[in-house]
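Content type mmCIF, C-alpha atoms, from the file query_9.cif:
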data_input
loop_
_atom_site.label_atom_id
_atom_site.label_comp_id
_atom_site.auth_asym_id
_atom_site.auth_seq_id
_atom_site.Cartn_x
_atom_site.Cartn_y
_atom_site.Cartn_z
CA MET A 1 104.60 22.13 168.31
CA LYS A 2 104.52 18.82 166.47
CA PRO A 3 102.94 18.86 162.98
CA TYR A 4 99.46 17.53 163.64
CA ALA A 5 97.02 16.55 160.98
CA VAL A 6 93.62 14.97 161.38
CA ILE A 7 93.71 11.24 160.79
CA PHE A 8 90.87 8.96 161.71
CA LEU A 9 91.61 6.30 164.26
CA LEU A 10 88.54 4.32 165.20
CA LEU A 11 88.03 2.78 168.58
CA THR A 12 86.81 -0.60 167.45
CA CYS A 13 85.43 -3.45 169.45
CA THR A 14 86.14 -7.17 169.35
CA LEU A 15 83.90 -9.80 167.88
CA LEU A 16 82.98 -11.01 171.34
CA SER A 17 79.73 -9.41 172.41
CA ALA A 18 79.53 -7.26 175.52
CA GLN A 19 75.78 -7.31 175.22
CA GLU A 20 73.74 -10.44 174.83
CA ASP A 21 73.39 -11.78 171.28
CA LEU A 22 75.29 -8.89 169.62
CA VAL A 23 78.46 -9.13 167.56
CA THR A 24 80.48 -6.76 165.41
CA VAL A 25 81.40 -7.70 161.84
CA SER A 26 83.58 -5.76 159.45
CA LYS A 27 84.76 -5.87 155.85
CA ALA A 28 87.18 -3.67 153.91
CA LEU A 29 87.28 -3.49 150.12
CA LYS A 30 87.85 -1.10 147.23
CA LEU A 31 84.74 0.67 145.94
CA MET A 32 84.36 3.93 143.99
CA GLY A 33 88.12 3.88 143.46
CA THR A 34 88.84 4.10 147.19
CA ARG A 35 88.95 2.00 150.34
CA PHE A 36 85.64 1.42 152.08
CA GLU A 37 85.41 -0.24 155.47
CA ILE A 38 81.97 -1.32 156.65
CA THR A 39 81.59 -2.17 160.34
CA LEU A 40 78.20 -3.30 161.64
CA VAL A 41 76.65 -4.36 164.94
CA ALA A 42 74.29 -7.28 164.37
CA GLN A 43 72.45 -10.11 166.11
CA ASN A 44 74.91 -12.66 164.70
CA GLU A 45 77.66 -12.96 162.10
CA ASP A 46 75.43 -14.31 159.34
CA ILE A 47 72.99 -11.41 159.60
CA GLY A 48 75.89 -8.96 159.78
CA TYR A 49 77.57 -10.19 156.62
CA ILE A 50 74.27 -10.30 154.72
CA ALA A 51 73.84 -6.63 155.63
CA ILE A 52 77.41 -5.86 154.53
CA ASN A 53 76.68 -7.38 151.11
CA GLU A 54 73.59 -5.17 150.83
CA ALA A 55 75.77 -2.18 151.67
CA ILE A 56 78.25 -3.12 148.95
CA ASN A 57 75.43 -3.40 146.41
CA GLU A 58 74.17 0.06 147.37
CA ILE A 59 77.60 1.68 147.04
CA THR A 60 78.08 -0.03 143.67
CA ARG A 61 74.68 1.27 142.52
CA ILE A 62 75.60 4.82 143.46
CA GLU A 63 78.95 4.56 141.71
CA LYS A 64 77.20 3.56 138.49
CA LEU A 65 74.95 6.61 138.85
CA ILE A 66 77.56 9.30 139.55
CA SER A 67 80.77 8.00 138.01
CA SER A 68 82.24 10.28 135.35
CA TRP A 69 84.47 7.38 134.24
CA ASP A 70 81.61 5.03 133.41
CA PRO A 71 80.45 5.88 129.87
CA GLU A 72 77.02 4.44 130.66
CA SER A 73 76.36 6.61 133.73
CA GLU A 74 73.94 9.54 133.81
CA THR A 75 76.86 11.81 134.73
CA SER A 76 78.75 10.81 131.60
CA LEU A 77 75.66 11.50 129.51
CA ILE A 78 75.45 15.01 130.98
CA ASN A 79 79.13 15.60 130.22
CA ARG A 80 78.86 14.37 126.61
CA ASN A 81 76.06 16.84 125.99
CA ALA A 82 77.82 19.87 127.45
CA GLY A 83 77.09 22.94 125.34
CA ARG A 84 74.64 20.96 123.22
CA GLN A 85 71.43 20.07 125.02
CA PRO A 86 69.87 19.39 128.43
CA VAL A 87 69.81 15.80 129.70
CA LYS A 88 66.92 14.30 131.64
CA VAL A 89 68.21 12.50 134.72
CA SER A 90 66.86 10.57 137.68
CA LYS A 91 65.42 12.48 140.63
CA GLU A 92 68.26 11.14 142.77
CA LEU A 93 71.03 12.59 140.61
CA PHE A 94 69.13 15.83 140.02
CA SER A 95 68.75 16.35 143.77
CA LEU A 96 72.43 15.63 144.40
CA ILE A 97 73.49 18.20 141.79
CA GLU A 98 70.99 20.69 143.19
CA ARG A 99 72.46 20.31 146.70
CA ALA A 100 75.99 20.57 145.31
CA LYS A 101 75.13 23.89 143.65
CA LYS A 102 73.80 25.23 146.95
CA ILE A 103 77.09 24.34 148.65
CA SER A 104 78.91 26.12 145.82
CA GLU A 105 76.83 29.21 146.50
CA ILE A 106 77.51 29.36 150.24
CA THR A 107 81.24 28.70 149.70
CA ASP A 108 81.55 31.25 146.87
CA GLY A 109 82.67 28.53 144.47
CA ALA A 110 85.37 27.00 146.66
CA PHE A 111 83.38 23.80 146.25
CA ASP A 112 82.35 23.17 142.63
CA ILE A 113 81.44 19.86 140.99
CA SER A 114 82.37 21.32 137.59
CA TYR A 115 86.02 21.21 138.73
CA ALA A 116 86.39 18.21 136.40
CA SER A 117 86.57 20.75 133.56
CA MET A 118 90.02 21.77 134.84
CA ASP A 119 93.04 21.11 132.67
CA ASN A 120 95.50 18.94 134.60
CA ILE A 121 98.53 21.18 134.41
CA TRP A 122 99.66 20.44 137.96
CA LYS A 123 101.35 17.07 138.44
CA PHE A 124 101.92 15.62 141.89
CA ASN A 125 103.63 12.40 140.84
CA GLY A 126 107.16 13.76 140.52
CA GLN A 127 106.88 14.60 136.79
CA MET A 128 106.73 18.40 137.09
CA LYS A 129 110.03 20.12 136.24
CA LYS A 130 108.76 23.71 136.32
CA LEU A 131 105.73 25.65 137.46
CA PRO A 132 102.95 26.36 134.93
CA THR A 133 102.73 29.88 133.59
CA LYS A 134 100.10 32.38 134.71
CA ASN A 135 98.36 32.09 131.32
CA GLU A 136 98.33 28.30 131.53
CA ILE A 137 96.81 28.44 135.01
CA THR A 138 94.14 30.94 133.96
CA ALA A 139 93.23 28.85 130.93
CA SER A 140 93.08 25.67 133.01
CA VAL A 141 89.97 26.83 134.91
CA ALA A 142 88.23 28.70 132.08
CA LYS A 143 85.43 26.13 131.80
CA ILE A 144 84.76 25.75 135.52
CA GLY A 145 81.71 27.47 136.97
CA TYR A 146 78.78 26.11 138.95
CA GLN A 147 76.70 29.05 137.62
CA ASN A 148 76.77 27.33 134.23
CA ILE A 149 75.14 24.17 135.55
CA ILE A 150 71.55 24.84 134.47
CA LEU A 151 68.85 22.87 136.30
CA ASP A 152 65.23 22.62 135.20
CA ALA A 153 63.23 21.17 138.07
CA ASP A 154 60.01 20.92 136.05
CA LYS A 155 61.63 18.87 133.29
CA GLY A 156 64.17 17.14 135.52
CA THR A 157 67.04 18.11 133.22
CA VAL A 158 70.66 19.15 133.69
CA PHE A 159 72.47 21.29 131.13
CA LEU A 160 76.14 22.28 131.12
CA LYS A 161 76.08 25.62 129.38
CA GLU A 162 79.67 25.68 128.09
CA PRO A 163 81.14 23.13 125.66
CA GLY A 164 83.90 21.18 127.37
CA MET A 165 82.36 21.43 130.83
CA ARG A 166 82.38 18.28 132.92
CA LEU A 167 80.89 17.22 136.24
CA ALA A 168 82.54 14.93 138.78
CA PHE A 169 81.59 14.03 142.32
CA GLY A 170 85.00 13.30 143.83
CA ALA A 171 84.52 15.88 146.58
CA ILE A 172 81.01 14.78 147.59
CA GLY A 173 80.35 11.30 146.18
CA LYS A 174 81.95 9.23 148.94
CA GLY A 175 79.98 11.09 151.58
CA TYR A 176 76.78 10.70 149.61
CA ALA A 177 77.38 6.97 149.22
CA ALA A 178 78.03 6.64 152.96
CA ASP A 179 74.79 8.45 153.80
CA LYS A 180 72.68 6.40 151.40
CA THR A 181 74.21 3.15 152.62
CA LYS A 182 73.61 4.10 156.24
CA ALA A 183 69.96 4.92 155.48
CA LEU A 184 69.51 1.58 153.72
CA LEU A 185 71.00 -0.41 156.59
CA ILE A 186 68.91 1.41 159.18
CA SER A 187 65.80 0.59 157.13
CA LYS A 188 66.88 -3.07 157.23
CA GLY A 189 67.06 -2.98 161.02
CA VAL A 190 70.84 -2.82 161.47
CA ILE A 191 71.19 -1.30 164.93
CA GLY A 192 74.63 0.28 164.70
CA GLY A 193 77.68 0.71 162.54
CA ILE A 194 80.22 2.80 160.68
CA ILE A 195 80.55 3.36 156.94
CA ASN A 196 84.13 4.56 156.44
CA ALA A 197 85.12 5.72 152.94
CA SER A 198 88.85 6.44 153.29
CA GLY A 199 88.27 8.67 156.29
CA ASP A 200 84.92 10.11 155.22
CA LEU A 201 82.64 8.30 157.59
CA THR A 202 79.20 8.19 159.12
CA THR A 203 77.90 6.34 162.17
CA TRP A 204 74.70 5.31 163.87
CA GLY A 205 73.86 3.50 167.06
CA THR A 206 76.71 2.48 169.35
CA LYS A 207 79.34 -0.19 169.64
CA HIS A 208 77.94 -3.52 170.80
CA SER A 209 79.22 -2.66 174.28
CA GLY A 210 76.93 0.36 174.34
CA GLU A 211 79.87 2.77 174.15
CA LYS A 212 79.98 5.67 171.70
CA TRP A 213 81.86 5.46 168.43
CA MET A 214 84.94 7.70 168.66
CA VAL A 215 87.48 9.22 166.30
CA GLY A 216 90.95 10.22 167.34
CA LEU A 217 92.93 13.24 166.20
CA THR A 218 96.44 11.92 165.79
CA ASN A 219 99.94 12.96 164.85
CA PRO A 220 100.52 11.72 161.25
CA LEU A 221 104.20 11.18 162.05
CA ASP A 222 103.21 8.79 164.83
CA LYS A 223 99.68 7.52 164.37
CA SER A 224 99.82 5.62 167.65
CA LYS A 225 99.69 8.92 169.54
CA VAL A 226 96.27 10.53 169.85
CA PHE A 227 96.03 14.06 171.19
CA SER A 228 92.24 14.22 171.34
CA TRP A 229 89.20 11.97 171.08
CA LEU A 230 85.88 13.13 169.68
CA PRO A 231 82.60 11.19 169.86
CA ILE A 232 80.55 10.81 166.69
CA ILE A 233 77.00 10.09 167.78
CA GLU A 234 74.52 9.53 164.93
CA SER A 235 76.90 11.76 163.01
CA SER A 236 79.56 12.00 160.32
CA VAL A 237 83.06 13.37 159.74
CA ALA A 238 85.26 13.97 156.70
CA THR A 239 88.81 15.20 156.23
CA SER A 240 90.92 16.88 153.57
CA GLY A 241 94.68 17.07 153.91
CA ASN A 242 97.84 17.97 152.01
CA TYR A 243 100.37 16.22 154.21
CA GLU A 244 100.80 13.24 151.88
CA LYS A 245 100.37 14.66 148.36
CA TYR A 246 102.16 17.86 147.36
CA ILE A 247 105.13 19.25 145.44
CA VAL A 248 107.92 21.65 146.44
CA PHE A 249 109.48 24.28 144.14
CA ASN A 250 112.04 26.81 145.39
CA ASP A 251 111.35 25.72 148.98
CA GLU A 252 107.64 26.51 148.57
CA LYS A 253 105.03 23.82 149.17
CA TYR A 254 102.13 23.41 146.72
CA SER A 255 99.13 21.34 147.78
CA HIS A 256 97.37 18.91 145.46
CA ILE A 257 94.08 20.59 146.37
CA ILE A 258 93.49 23.21 143.67
CA ASP A 259 91.24 26.24 144.04
CA PRO A 260 88.74 25.82 141.17
CA ARG A 261 88.26 29.60 141.04
CA THR A 262 91.89 30.43 140.39
CA GLY A 263 93.69 27.27 139.29
CA TYR A 264 96.32 27.69 141.99
CA PRO A 265 97.09 25.17 144.75
CA THR A 266 95.83 26.11 148.20
CA LYS A 267 98.15 27.44 150.89
CA GLY A 268 98.05 27.95 154.63
CA VAL A 269 96.26 24.76 155.69
CA GLN A 270 97.50 21.22 156.31
CA SER A 271 94.29 19.50 157.28
CA VAL A 272 90.56 20.11 157.69
CA SER A 273 88.03 17.85 159.41
CA VAL A 274 84.33 18.69 159.30
CA PHE A 275 81.74 17.18 161.65
CA ALA A 276 78.01 17.19 160.83
CA LYS A 277 75.02 14.86 160.70
CA ASN A 278 75.42 14.04 157.00
CA ALA A 279 78.62 12.67 155.46
CA GLU A 280 77.74 14.30 152.14
CA LEU A 281 77.88 17.76 153.69
CA CYS A 282 81.07 16.93 155.62
CA ASP A 283 82.74 15.70 152.45
CA ALA A 284 81.92 18.84 150.46
CA LEU A 285 82.67 21.32 153.24
CA ALA A 286 86.02 19.74 154.12
CA THR A 287 87.23 20.51 150.61
CA ALA A 288 85.66 23.97 150.63
CA VAL A 289 87.17 25.01 153.97
CA PHE A 290 90.58 23.78 152.88
CA ILE A 291 90.36 26.02 149.81
CA MET A 292 88.83 28.99 151.61
CA GLY A 293 91.56 28.98 154.24
CA ARG A 294 91.58 28.92 158.02
CA ASP A 295 89.86 32.17 158.92
CA SER A 296 87.24 32.30 156.16
CA GLY A 297 86.54 28.60 156.49
CA ILE A 298 86.00 28.63 160.24
CA HIS A 299 83.88 31.79 159.92
CA LEU A 300 81.62 29.97 157.44
CA ILE A 301 81.31 26.88 159.63
CA ASN A 302 80.41 28.99 162.67
CA GLN A 303 77.40 30.26 160.72
CA LEU A 304 76.10 26.77 159.88
CA GLU A 305 73.92 25.06 162.44
CA GLY A 306 75.03 21.58 163.41
CA VAL A 307 78.39 21.78 161.65
CA GLU A 308 81.84 21.96 163.29
CA VAL A 309 85.42 21.96 162.04
CA VAL A 310 89.01 21.38 163.18
CA VAL A 311 91.72 23.03 161.07
CA VAL A 312 95.47 22.45 161.26
CA ASP A 313 97.37 25.31 159.61
CA ASP A 314 100.82 25.39 157.99
CA ALA A 315 102.33 26.55 161.27
CA ASN A 316 101.08 23.26 162.77
CA ASP A 317 98.65 25.07 165.04
CA ILE A 318 95.19 23.65 165.70
CA HIS A 319 92.08 25.83 165.24
CA LYS A 320 88.45 24.91 165.73
CA SER A 321 84.93 26.19 165.34
CA SER A 322 83.01 27.45 168.34
CA GLY A 323 81.25 24.16 169.18
CA ILE A 324 84.29 21.87 169.23
CA LEU A 325 85.64 20.72 172.59
CA LEU A 326 88.87 18.74 172.26
CA ASP A 327 89.08 15.93 174.81
CA THR A 328 92.71 15.15 175.61
CA SER A 329 91.99 13.08 178.71
CA LYS A 330 91.84 9.62 177.10
#

Do you think you could lay out the structure here as structure tokens?
Amino acid sequence: MKPYAVIFLLLTCTLLSAQEDLVTVSKALKLMGTRFEITLVAQNEDIGYIAINEAINEITRIEKLISSWDPESETSLINRNAGRQPVKVSKELFSLIERAKKISEITDGAFDISYASMDNIWKFNGQMKKLPTKNEITASVAKIGYQNIILDADKGTVFLKEPGMRLAFGAIGKGYAADKTKALLISKGVIGGIINASGDLTTWGTKHSGEKWMVGLTNPLDKSKVFSWLPIIESSVATSGNYEKYIVFNDEKYSHIIDPRTGYPTKGVQSVSVFAKNAELCDALATAVFIMGRDSGIHLINQLEGVEVVVVDDANDIHKSSGILLDTSK
């Protein structure tokens, strides 16, 4: 079987409207350190591009809130006070951290926003000449632990219990930004669109032709070949994969996705795509399922209402949760 991974190929429509007075406008740019593509259905081009600019402003606002690289962000303030004192934060950030902790609980720590506390002993840029030792790996994750993120709902504070702990939202932030931007645009009357953050995407409405938005599951070695199409109706999807970033030692492949509980790279999975209503949840669970592995990950997803998953394992076989029907007819 060919080595399949889940890549997002959007069925897009042309600028010419198939319905009266509707057009599709699109813009791609770098935000939050990654590629965002915003595609909207609007009454005319001017209205569409005004809405795109509002979307860009919203994503930029969220980045300033959650960025661990911006010294002025609330997240950076939390990190600077790790082991020292609680930090009062906005309701928005508090709620995001609270939801992240709940995902950590249901995934037994496979998803953990305190992963930023990890020492970067694994290098996936060609610089590694030998594997880290067992002691180095153990020490690298010593300060990770969602249990040590202390939330006080009454005071609205966040406290990192251990000195040296750090929060980062790399495994949930893009999805959160996509959700918030979608909600903003809907409130502004935008009737349909896609917010695509490097493959973590959310949709609403339909294409201007009235057709559903679709994603294709494709062969990464030949992205022009799609083996299945899946509709995403008022829904979201996110993917995690190791087919582009990894290292090989002694003929053994090591993924760039590290288990925050052990410090070791994950094995057994090439790609995970999660489908749910919210991009935030998809984003977090795609990482978690990748780390948990095929069987445990699919078992978890099958217990969550309104969530589905497609997993490609290291044997290049495709596995799916109980609600996924792969359409190979297109």

Residues selected by the PyMOL selection byres ((chain A and resi 236) around 10), written as a list in words: Gly175, Ala178, Asp179, Ile194, Ile195, Asn196, Asp200, Leu201, Thr202, Thr203, Trp204, Ile232, Ile233, Glu234, Ser235, Val237, Ala238, Val274, Phe275, Ala276, Lys277, Asn278, Ala279, Glu280, Leu281, Cys282, Asp283 and Val307 of chain A

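Taking all atoms listed in the file, the non-local environment of Ser117 of chain A within 9 Å (same-chain residues fewer than 5 positions away omitted) comprises Ser140, Val141, Ala142, Lys143, Ile144, Gly145, Gly164, Met165, Arg166, Leu167 and Ala168 of chain A.
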
Could the residues in this selection be written to a file with C-alpha atoms, as a compact mmCIF listing (two decimals), in the coordinates of the input?
# COMPACT_ATOMS: atom_id res chain seq x y z
CA SER A 140 93.08 25.67 133.01
CA VAL A 141 89.97 26.83 134.91
CA ALA A 142 88.23 28.70 132.08
CA LYS A 143 85.43 26.13 131.80
CA ILE A 144 84.76 25.75 135.52
CA GLY A 145 81.71 27.47 136.97
CA GLY A 164 83.90 21.18 127.37
CA MET A 165 82.36 21.43 130.83
CA ARG A 166 82.38 18.28 132.92
CA LEU A 167 80.89 17.22 136.24
CA ALA A 168 82.54 14.93 138.78

Among listed residues A:Ile78, A:Val311, A:Ala51, A:Leu29, nearest Leu184 of chain A (using all atoms listed in the file):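 Checking each of A:Ile78, A:Val311, A:Ala51, A:Leu29 against Leu184 of chain A, counting all atoms listed in the file, the winner is A:Ala51.
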
Resolved residues for the PyMOL selection byres ((chain A and resi 315) around 9) as a PyMOL selection string: chain A and resi 1+3+268-270+312-314+316-318

Keeping C-alpha atoms, export the residues of the selection given above as a PDB file, in the frame of the given file.
ATOM      1  CA  MET A   1     104.600  22.130 168.310  1.00  0.00           C
ATOM      2  CA  PRO A   3     102.940  18.860 162.980  1.00  0.00           C
ATOM      3  CA  GLY A 268      98.050  27.950 154.630  1.00  0.00           C
ATOM      4  CA  VAL A 269      96.260  24.760 155.690  1.00  0.00           C
ATOM      5  CA  GLN A 270      97.500  21.220 156.310  1.00  0.00           C
ATOM      6  CA  VAL A 312      95.470  22.450 161.260  1.00  0.00           C
ATOM      7  CA  ASP A 313      97.370  25.310 159.610  1.00  0.00           C
ATOM      8  CA  ASP A 314     100.820  25.390 157.990  1.00  0.00           C
ATOM      9  CA  ASN A 316     101.080  23.260 162.770  1.00  0.00           C
ATOM     10  CA  ASP A 317      98.650  25.070 165.040  1.00  0.00           C
ATOM     11  CA  ILE A 318      95.190  23.650 165.700  1.00  0.00           C
TER      12      ILE A 318
END

Residues returned when the PyMOL selection byres ((chain A and resi 93-99) around 10) runs on this file, as JSON, numbers by chain: {"A": [62, 65, 66, 74, 75, 88, 89, 90, 91, 92, 100, 101, 102, 103, 104, 105, 113, 146, 149, 150, 151, 152, 153, 156, 157, 158, 167, 169, 172, 173, 176, 280, 281]}

Nearest candidate to Ser240 of chain A (options A:Lys130, A:Val289, A:Thr39, A:Glu58; using only C-alpha atoms): A:Val289

Residue with smallest distance to Asn44 of chain A - pool A:Ile56, A:Glu308, A:Ser76, A:Val190, counting all atoms listed in the file: A:Val190

Separation of atom CA of Glu252 of chain A from atom CA of Thr133 of chain A, in Å and rounded to one decimal: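 Result for atom CA of Glu252 of chain A versus atom CA of Thr133 of chain A: 16.1 Å, one decimal.
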
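For the atom pair formed by atom CA of Lys182 of chain A and atom CA of Ile38 of chain A, the distance is 10.0 Å, given to one decimal.
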
Atom CA of Glu136 of chain A to atom CA of Ser255 of chain A, distance in Å rounded to a single decimal: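 Between these atoms lies a distance of 17.7 Å.
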
Pick from A:Ile186, A:Ile298, A:Leu160, A:Ile191, whichever lies nearest to Gly83 of chain A using only C-alpha atoms: A:Leu160

Within 12 Å of Lys129 of chain A using only C-alpha atoms, minus same-chain residues under 5 positions, as a PyMOL selection string: chain A and resi 121-124+247-250

Selected residue of minimal separation from Thr287 of chain A among A:Leu304, A:Ile257, A:Leu185, A:Ala28, counting only C-alpha atoms: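 Smallest distance to Thr287 of chain A is found for A:Ile257.
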
Residue contacts of Ile258 of chain A (9 Å, all atoms listed in the file) excluding same-chain residues fewer than 5 positions away, as a PyMOL selection string: chain A and resi 122+263-266+291

Pick from A:Glu305, A:Glu63, A:Glu45, A:Asp119, whichever lies nearest to Gly323 of chain A using only C-alpha atoms: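 Smallest separation from Gly323 of chain A among the options: A:Glu305.
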